[in-house]
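Dropping work.cif in here (mmCIF, C-alpha atoms):
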data_work
#
loop_
_atom_site.label_atom_id
_atom_site.label_comp_id
_atom_site.auth_asym_id
_atom_site.auth_seq_id
_atom_site.Cartn_x
_atom_site.Cartn_y
_atom_site.Cartn_z
CA MET P 648 107.13 63.65 112.52
CA ASN P 649 105.59 62.40 109.27
CA TYR P 650 103.55 65.46 108.37
CA GLN P 651 103.35 65.98 104.61
CA TRP P 652 103.30 69.60 103.57
CA ASP P 653 100.84 70.37 100.80
CA PHE P 654 100.40 73.95 99.57
CA SER P 655 98.22 73.05 96.59
CA GLY P 656 95.03 74.13 98.37
CA VAL P 657 96.62 77.45 99.32
CA PHE P 658 97.77 78.09 95.76
CA ALA P 659 94.30 77.22 94.47
CA ARG P 660 92.80 80.01 96.61
CA TRP P 661 95.59 82.50 96.09
CA ASP P 662 93.07 85.08 94.88
CA LEU P 663 91.46 85.19 98.33
CA LEU P 664 94.78 85.74 100.07
CA LEU P 665 95.80 88.43 97.60
CA THR P 666 92.50 90.23 98.17
CA GLY P 667 93.10 90.00 101.89
CA LEU P 668 96.60 91.44 101.53
CA LEU P 669 95.31 94.38 99.49
CA ASN P 670 92.59 95.02 102.06
CA THR P 671 95.19 94.94 104.84
CA ILE P 672 97.31 97.50 102.98
CA LYS P 673 94.24 99.64 102.36
CA ILE P 674 93.07 99.73 105.97
CA ALA P 675 96.62 100.25 107.27
CA GLY P 676 97.35 103.12 104.87
CA ILE P 677 94.13 104.99 105.67
CA SER P 678 94.55 104.43 109.40
CA ILE P 679 98.15 105.71 109.36
CA VAL P 680 97.13 108.91 107.58
CA LEU P 681 94.21 109.54 109.94
CA GLY P 682 96.31 108.50 112.92
CA VAL P 683 98.97 111.06 112.04
CA LEU P 684 96.32 113.80 111.91
CA VAL P 685 94.87 112.71 115.25
CA GLY P 686 98.37 112.46 116.71
CA LEU P 687 99.36 115.95 115.63
CA VAL P 688 96.23 117.47 117.18
CA LEU P 689 96.77 115.54 120.41
CA ALA P 690 100.47 116.36 120.58
CA PHE P 691 99.96 120.12 120.23
CA ALA P 692 97.00 119.99 122.62
CA LYS P 693 99.07 118.19 125.24
CA LEU P 694 101.89 120.72 124.82
CA SER P 695 99.48 123.59 125.27
CA PRO P 696 99.83 125.57 128.52
CA ARG P 697 96.03 125.73 128.68
CA ARG P 698 94.65 122.92 130.84
CA TYR P 699 91.39 122.67 128.93
CA PHE P 700 93.47 121.54 125.94
CA SER P 701 96.22 119.55 127.64
CA LEU P 702 94.09 117.64 130.16
CA PRO P 703 91.60 116.05 127.69
CA ALA P 704 94.49 115.19 125.36
CA SER P 705 96.38 113.52 128.20
CA ILE P 706 93.32 111.51 129.25
CA PHE P 707 92.69 110.39 125.67
CA ILE P 708 96.30 109.30 125.20
CA GLU P 709 96.51 107.44 128.51
CA PHE P 710 93.21 105.67 127.87
CA TYR P 711 94.33 104.30 124.53
CA ARG P 712 97.84 103.44 125.71
CA ASN P 713 96.50 101.39 128.61
CA THR P 714 93.65 99.43 127.04
CA PRO P 715 93.85 96.40 124.72
CA PRO P 716 93.39 97.25 121.03
CA ILE P 717 90.67 94.64 120.54
CA ILE P 718 88.43 96.54 122.97
CA HIS P 719 88.55 99.55 120.67
CA PHE P 720 87.44 97.40 117.71
CA PHE P 721 84.50 95.99 119.65
CA TRP P 722 83.57 99.38 121.08
CA PHE P 723 83.35 101.09 117.69
CA PHE P 724 81.60 98.16 116.03
CA TYR P 725 79.14 97.16 118.75
CA ALA P 726 78.87 99.91 121.40
CA LEU P 727 79.07 103.16 119.40
CA PRO P 728 76.20 102.22 117.04
CA MET P 729 74.01 101.53 120.09
CA LEU P 730 74.89 104.85 121.73
CA ALA P 731 74.71 107.01 118.60
CA ASN P 732 71.97 105.09 116.78
CA ILE P 733 74.13 104.65 113.70
CA SER P 734 75.35 101.71 111.69
CA LEU P 735 79.04 101.10 111.05
CA ASP P 736 80.38 98.52 108.63
CA PRO P 737 83.45 96.49 109.66
CA PHE P 738 85.81 98.60 107.55
CA THR P 739 84.71 101.92 109.06
CA ALA P 740 84.74 100.57 112.61
CA ALA P 741 88.22 99.09 112.14
CA VAL P 742 89.58 102.34 110.68
CA LEU P 743 88.15 104.34 113.59
CA ALA P 744 89.68 101.92 116.09
CA LEU P 745 93.08 101.85 114.41
CA SER P 746 93.35 105.57 113.70
CA THR P 747 92.35 106.69 117.19
CA GLN P 748 94.58 104.14 118.86
CA SER P 749 97.57 104.90 116.64
CA GLY P 750 96.87 108.62 117.02
CA ALA P 751 97.39 108.32 120.76
CA PHE P 752 100.76 106.65 120.25
CA TYR P 753 101.79 108.98 117.42
CA ALA P 754 100.98 111.91 119.71
CA GLU P 755 103.64 110.77 122.17
CA VAL P 756 106.12 110.27 119.33
CA PHE P 757 105.49 113.81 118.04
CA ARG P 758 105.48 115.36 121.50
CA GLY P 759 108.69 113.58 122.45
CA GLY P 760 110.41 114.76 119.27
CA ILE P 761 109.39 118.36 119.83
CA VAL P 762 110.40 118.57 123.50
CA SER P 763 113.73 116.87 122.74
CA ILE P 764 114.94 119.96 120.87
CA GLU P 765 117.46 121.81 123.01
CA GLN P 766 116.28 124.96 124.75
CA GLY P 767 118.94 126.97 122.97
CA GLN P 768 117.21 126.32 119.64
CA TRP P 769 113.97 127.79 120.97
CA GLU P 770 115.71 130.79 122.46
CA GLY P 771 117.73 131.39 119.31
CA ALA P 772 114.58 131.38 117.18
CA LYS P 773 112.89 133.81 119.54
CA SER P 774 115.91 136.11 119.45
CA LEU P 775 115.53 136.29 115.67
CA GLY P 776 112.02 137.61 116.15
CA MET P 777 110.21 134.49 114.98
CA GLY P 778 106.64 133.85 116.07
CA HIS P 779 105.63 130.46 117.44
CA ALA P 780 104.26 129.12 114.16
CA GLN P 781 107.29 130.28 112.17
CA MET P 782 109.66 128.92 114.80
CA MET P 783 107.98 125.51 114.71
CA ARG P 784 107.95 125.38 110.93
CA ARG P 785 111.50 126.57 110.25
CA ILE P 786 113.53 125.56 113.30
CA ILE P 787 111.90 123.02 115.61
CA LEU P 788 109.97 120.61 113.37
CA PRO P 789 112.74 120.05 110.78
CA GLN P 790 115.05 118.91 113.58
CA ALA P 791 112.37 116.99 115.43
CA MET P 792 111.35 115.03 112.33
CA THR P 793 114.66 113.20 112.14
CA ARG P 794 114.35 112.20 115.79
CA MET P 795 110.73 111.14 115.43
CA PHE P 796 111.23 109.10 112.29
CA ALA P 797 112.42 105.80 113.78
CA PRO P 798 109.75 105.54 116.52
CA PHE P 799 107.13 106.70 114.01
CA VAL P 800 108.04 103.88 111.63
CA GLU P 801 108.08 101.35 114.47
CA ARG P 802 104.62 102.46 115.58
CA SER P 803 103.35 102.23 112.00
CA PHE P 804 104.62 98.65 111.77
CA GLU P 805 102.74 97.83 114.96
CA LEU P 806 99.61 99.31 113.39
CA ILE P 807 100.02 97.12 110.30
CA LYS P 808 100.21 94.02 112.48
CA THR P 809 97.26 95.18 114.58
CA THR P 810 95.09 95.27 111.44
CA ALA P 811 94.75 91.51 111.92
CA LEU P 812 92.24 92.28 114.69
CA ALA P 813 89.88 93.60 112.03
CA SER P 814 89.17 89.97 111.22
CA THR P 815 87.18 89.78 114.49
CA LEU P 816 84.69 92.17 112.86
CA ALA P 817 84.48 89.99 109.72
CA TYR P 818 86.49 92.49 107.69
CA ALA P 819 88.13 90.67 104.78
CA ASP P 820 91.75 91.36 105.71
CA LEU P 821 94.57 88.89 105.23
CA LEU P 822 93.89 86.93 108.41
CA TYR P 823 90.14 86.71 107.77
CA GLN P 824 90.72 85.44 104.23
CA ALA P 825 93.24 82.94 105.58
CA MET P 826 90.60 81.57 107.95
CA ILE P 827 88.27 81.08 104.98
CA VAL P 828 90.97 79.24 103.04
CA ASN P 829 91.75 77.11 106.09
CA SER P 830 88.08 76.18 106.51
CA GLU P 831 88.07 74.97 102.90
CA THR P 832 91.43 73.18 102.82
CA PHE P 833 91.89 72.05 106.45
CA ARG P 834 95.62 72.81 106.06
CA PRO P 835 96.31 75.29 108.90
CA LEU P 836 100.09 74.86 108.82
CA GLU P 837 100.31 75.73 105.14
CA VAL P 838 97.73 78.53 105.31
CA TYR P 839 99.13 80.35 108.32
CA THR P 840 102.73 79.81 107.27
CA THR P 841 101.85 81.44 103.95
CA ILE P 842 100.24 84.49 105.50
CA ALA P 843 103.12 84.82 107.97
CA LEU P 844 105.47 85.02 105.00
CA MET P 845 103.17 87.54 103.33
CA TYR P 846 103.29 89.74 106.43
CA VAL P 847 107.08 89.44 106.49
CA ILE P 848 107.35 90.46 102.84
CA LEU P 849 104.97 93.38 103.40
CA LEU P 850 106.85 94.68 106.45
CA VAL P 851 110.32 94.13 105.00
CA THR P 852 109.25 96.08 101.91
CA ALA P 853 107.86 98.85 104.10
CA SER P 854 111.05 98.82 106.18
CA THR P 855 113.20 99.19 103.06
CA LEU P 856 111.11 102.12 101.85
CA ALA P 857 111.30 103.68 105.32
CA ARG P 858 115.12 103.44 105.34
CA LEU P 859 115.27 105.12 101.94
CA ALA P 860 112.96 107.88 103.17
CA GLU P 861 115.06 108.32 106.32
CA ALA P 862 118.24 108.59 104.25
CA ARG P 863 116.67 111.27 102.08
CA LEU P 864 115.39 113.11 105.14
CA THR P 865 118.85 113.05 106.71
CA ALA P 866 120.48 114.21 103.49
CA TYR P 867 117.94 117.04 103.12
CA ARG P 868 118.64 118.21 106.62
#
Full structure transcribed into structure tokens:
Amino acid sequence: MNYQWDFSGVFARWDLLLTGLLNTIKIAGISIVLGVLVGLVLAFAKLSPRRYFSLPASIFIEFYRNTPPIIHFFWFFYALPMLANISLDPFTAAVLALSTQSGAFYAEVFRGGIVSIEQGQWEGAKSLGMGHAQMMRRIILPQAMTRMFAPFVERSFELIKTTALASTLAYADLLYQAMIVNSETFRPLEVYTTIALMYVILLVTASTLARLAEARLTAYR
């Protein structure tokens, strides 16, 4: 193999890749926040004894867990505007796709953490005269959070990697910007090796911050 590596073209367009990285962080951060909100609503709805809450939540979760993520991107960008007679830019469509999809997975993380708490904890809280909201806030959720943390972080990392699908909607994320650089330099090995390393750095940094947060959470408990 006599291939000669040359990163000069990549370095010359570093501004494009940096913009793409920042856009990836932006869309991931917003989608995680919205996904958590969606997940909490779905989790409590699915735990509800009332079927008109639990059944729609279950259907929503199963739909998103069993369909490819790229379908959600195309549906929000192409199908929803036709049905609702609205116009969605790539950023908004990608955020809707990511937040609803991640919300379905977060819901199972939250639900699993809550139901994993031993029955004795629930009964003990009730014996102290706590209402449901007080019991959840003071007894159940503090314990469940430590159990939910690791799968929550793992799901968030999956979301960050899934942001690359936003490039199919022409959103200027890291992958989309890399394709532009590649079309200008014709150096795919250098371009895609560079963005792979950028993803690694991003996720390793996020993983380090997550471990620090988990340590603080454990110490607080």
Handout entry: Residues within 12 Å of (92.4, 95.2, 101.9), file coords, only C-alpha atoms, listed as a PyMOL selection string
Key = chain P and resi 663-677+737-738+741-742+807+810-811+813-814+818-824
Problem - Contacts of Met795 (chain P) within 10 Å, all atoms listed in the file, excl. fewer than 6 positions in-chain, as a VMD selection string - result: chain P and resid 753 755 to 761 763 788
Evaluate the PyMOL selection byres ((chain P and resi 835-846) around 8) here and jot the selected residues down as a PDB file with C-alpha atoms, keeping the file's coordinate frame.
ATOM      1  CA  TRP P 652     103.300  69.600 103.570  1.00  0.00           C
ATOM      2  CA  ASP P 653     100.840  70.370 100.800  1.00  0.00           C
ATOM      3  CA  PHE P 654     100.400  73.950  99.570  1.00  0.00           C
ATOM      4  CA  VAL P 657      96.620  77.450  99.320  1.00  0.00           C
ATOM      5  CA  LEU P 664      94.780  85.740 100.070  1.00  0.00           C
ATOM      6  CA  LEU P 668      96.600  91.440 101.530  1.00  0.00           C
ATOM      7  CA  LEU P 821      94.570  88.890 105.230  1.00  0.00           C
ATOM      8  CA  LEU P 822      93.890  86.930 108.410  1.00  0.00           C
ATOM      9  CA  ALA P 825      93.240  82.940 105.580  1.00  0.00           C
ATOM     10  CA  VAL P 828      90.970  79.240 103.040  1.00  0.00           C
ATOM     11  CA  ASN P 829      91.750  77.110 106.090  1.00  0.00           C
ATOM     12  CA  PHE P 833      91.890  72.050 106.450  1.00  0.00           C
ATOM     13  CA  ARG P 834      95.620  72.810 106.060  1.00  0.00           C
ATOM     14  CA  VAL P 847     107.080  89.440 106.490  1.00  0.00           C
ATOM     15  CA  ILE P 848     107.350  90.460 102.840  1.00  0.00           C
ATOM     16  CA  LEU P 849     104.970  93.380 103.400  1.00  0.00           C
ATOM     17  CA  LEU P 850     106.850  94.680 106.450  1.00  0.00           C
TER      18      LEU P 850
END
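The environment of Ile717 (chain P) within 10 Å, counting only C-alpha atoms and disregarding residues fewer than 4 places along the same chain, consists of Phe721, Trp722, Ala741, Ala744, Leu745, Thr809, Leu812, Ala813 and Thr815 of chain P.
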Handout entry: For Leu689 (chain P): contacts at 9 Å, all atoms listed in the file, fewer than 6 positions along chain excluded, given as a ChimeraX atom specification
Key = /P:700-701,703-705,707-708,750-751,753-755,758
Exercise for the section: Select, counting all atoms listed in the file, all protein, DNA and RNA residues no farther than 12 Å from (114.9, 116.5, 113.0) in file coordinates, and express the selection as a ChimeraX atom specification. Expected result: /P:757,759-765,783-797,861,864-868
Completion exercise
Using only C-alpha atoms, the residue out of P:Arg660, P:Pro696, P:Leu684, P:Gln651 with shortest distance to Thr832 (chain P) is P:Arg660
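With CA of Gln768 (chain P) on one side and CA of Ser695 (chain P) on the other, the separation reads 18.8 Å.
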Exercise for the section: Provide the CA of Gln766 (chain P) to CA of Gly778 (chain P) distance in Å, to one decimal place. Expected result: 15.7 Å
Would you kindly place all heavy atoms on region 666-677 of chain P and return the model as a PDB file, in the coordinates of the input?
ATOM      1  N   THR P 666      93.520  89.246  97.808  1.00  0.00           N
ATOM      2  CA  THR P 666      92.500  90.230  98.170  1.00  0.00           C
ATOM      3  C   THR P 666      92.642  90.657  99.622  1.00  0.00           C
ATOM      4  O   THR P 666      92.545  91.842  99.961  1.00  0.00           O
ATOM      5  CB  THR P 666      91.090  89.658  97.931  1.00  0.00           C
ATOM      6  OG1 THR P 666      90.924  89.348  96.551  1.00  0.00           O
ATOM      7  CG2 THR P 666      90.018  90.656  98.353  1.00  0.00           C
ATOM      8  N   GLY P 667      92.896  89.698 100.486  1.00  0.00           N
ATOM      9  CA  GLY P 667      93.100  90.000 101.890  1.00  0.00           C
ATOM     10  C   GLY P 667      94.309  90.886 102.124  1.00  0.00           C
ATOM     11  O   GLY P 667      94.263  91.821 102.945  1.00  0.00           O
ATOM     12  N   LEU P 668      95.391  90.620 101.405  1.00  0.00           N
ATOM     13  CA  LEU P 668      96.600  91.440 101.530  1.00  0.00           C
ATOM     14  C   LEU P 668      96.323  92.874 101.093  1.00  0.00           C
ATOM     15  O   LEU P 668      96.731  93.837 101.771  1.00  0.00           O
ATOM     16  CB  LEU P 668      97.723  90.835 100.692  1.00  0.00           C
ATOM     17  CG  LEU P 668      99.046  91.619 100.666  1.00  0.00           C
ATOM     18  CD1 LEU P 668      99.641  91.715 102.069  1.00  0.00           C
ATOM     19  CD2 LEU P 668     100.031  90.972  99.696  1.00  0.00           C
ATOM     20  N   LEU P 669      95.637  93.037  99.974  1.00  0.00           N
ATOM     21  CA  LEU P 669      95.310  94.380  99.490  1.00  0.00           C
ATOM     22  C   LEU P 669      94.401  95.113 100.473  1.00  0.00           C
ATOM     23  O   LEU P 669      94.567  96.318 100.695  1.00  0.00           O
ATOM     24  CB  LEU P 669      94.653  94.288  98.106  1.00  0.00           C
ATOM     25  CG  LEU P 669      95.552  93.770  96.979  1.00  0.00           C
ATOM     26  CD1 LEU P 669      94.751  93.621  95.684  1.00  0.00           C
ATOM     27  CD2 LEU P 669      96.741  94.690  96.757  1.00  0.00           C
ATOM     28  N   ASN P 670      93.464  94.395 101.064  1.00  0.00           N
ATOM     29  CA  ASN P 670      92.590  95.020 102.060  1.00  0.00           C
ATOM     30  C   ASN P 670      93.356  95.410 103.314  1.00  0.00           C
ATOM     31  O   ASN P 670      93.066  96.440 103.935  1.00  0.00           O
ATOM     32  CB  ASN P 670      91.444  94.066 102.427  1.00  0.00           C
ATOM     33  CG  ASN P 670      90.391  93.969 101.341  1.00  0.00           C
ATOM     34  OD1 ASN P 670      90.274  94.854 100.499  1.00  0.00           O
ATOM     35  ND2 ASN P 670      89.622  92.893 101.349  1.00  0.00           N
ATOM     36  N   THR P 671      94.343  94.602 103.684  1.00  0.00           N
ATOM     37  CA  THR P 671      95.190  94.940 104.840  1.00  0.00           C
ATOM     38  C   THR P 671      95.980  96.208 104.554  1.00  0.00           C
ATOM     39  O   THR P 671      96.071  97.100 105.409  1.00  0.00           O
ATOM     40  CB  THR P 671      96.147  93.773 105.155  1.00  0.00           C
ATOM     41  OG1 THR P 671      95.383  92.665 105.663  1.00  0.00           O
ATOM     42  CG2 THR P 671      97.184  94.175 106.193  1.00  0.00           C
ATOM     43  N   ILE P 672      96.559  96.298 103.366  1.00  0.00           N
ATOM     44  CA  ILE P 672      97.310  97.500 102.980  1.00  0.00           C
ATOM     45  C   ILE P 672      96.406  98.719 102.960  1.00  0.00           C
ATOM     46  O   ILE P 672      96.771  99.807 103.421  1.00  0.00           O
ATOM     47  CB  ILE P 672      97.984  97.289 101.615  1.00  0.00           C
ATOM     48  CG1 ILE P 672      99.051  96.187 101.702  1.00  0.00           C
ATOM     49  CG2 ILE P 672      98.603  98.590 101.105  1.00  0.00           C
ATOM     50  CD1 ILE P 672      99.633  95.790 100.370  1.00  0.00           C
ATOM     51  N   LYS P 673      95.204  98.525 102.444  1.00  0.00           N
ATOM     52  CA  LYS P 673      94.240  99.640 102.360  1.00  0.00           C
ATOM     53  C   LYS P 673      93.879 100.172 103.741  1.00  0.00           C
ATOM     54  O   LYS P 673      93.948 101.389 103.986  1.00  0.00           O
ATOM     55  CB  LYS P 673      92.982  99.144 101.636  1.00  0.00           C
ATOM     56  CG  LYS P 673      91.842 100.153 101.595  1.00  0.00           C
ATOM     57  CD  LYS P 673      90.617  99.530 100.947  1.00  0.00           C
ATOM     58  CE  LYS P 673      89.416 100.470 100.994  1.00  0.00           C
ATOM     59  NZ  LYS P 673      88.211  99.841 100.392  1.00  0.00           N
ATOM     60  N   ILE P 674      93.512  99.288 104.641  1.00  0.00           N
ATOM     61  CA  ILE P 674      93.070  99.730 105.970  1.00  0.00           C
ATOM     62  C   ILE P 674      94.239 100.301 106.761  1.00  0.00           C
ATOM     63  O   ILE P 674      94.091 101.261 107.517  1.00  0.00           O
ATOM     64  CB  ILE P 674      92.384  98.570 106.728  1.00  0.00           C
ATOM     65  CG1 ILE P 674      91.565  99.114 107.884  1.00  0.00           C
ATOM     66  CG2 ILE P 674      93.383  97.546 107.218  1.00  0.00           C
ATOM     67  CD1 ILE P 674      90.720  98.053 108.574  1.00  0.00           C
ATOM     68  N   ALA P 675      95.438  99.740 106.561  1.00  0.00           N
ATOM     69  CA  ALA P 675      96.620 100.250 107.270  1.00  0.00           C
ATOM     70  C   ALA P 675      96.988 101.640 106.760  1.00  0.00           C
ATOM     71  O   ALA P 675      97.278 102.548 107.552  1.00  0.00           O
ATOM     72  CB  ALA P 675      97.794  99.294 107.092  1.00  0.00           C
ATOM     73  N   GLY P 676      96.973 101.828 105.448  1.00  0.00           N
ATOM     74  CA  GLY P 676      97.350 103.120 104.870  1.00  0.00           C
ATOM     75  C   GLY P 676      96.413 104.237 105.314  1.00  0.00           C
ATOM     76  O   GLY P 676      96.857 105.317 105.727  1.00  0.00           O
ATOM     77  N   ILE P 677      95.100 103.983 105.249  1.00  0.00           N
ATOM     78  CA  ILE P 677      94.130 104.990 105.670  1.00  0.00           C
ATOM     79  C   ILE P 677      94.260 105.287 107.153  1.00  0.00           C
ATOM     80  O   ILE P 677      94.214 106.453 107.586  1.00  0.00           O
ATOM     81  CB  ILE P 677      92.698 104.529 105.327  1.00  0.00           C
ATOM     82  CG1 ILE P 677      92.519 104.453 103.808  1.00  0.00           C
ATOM     83  CG2 ILE P 677      91.656 105.464 105.938  1.00  0.00           C
ATOM     84  CD1 ILE P 677      91.199 103.862 103.369  1.00  0.00           C
TER      85      ILE P 677
END
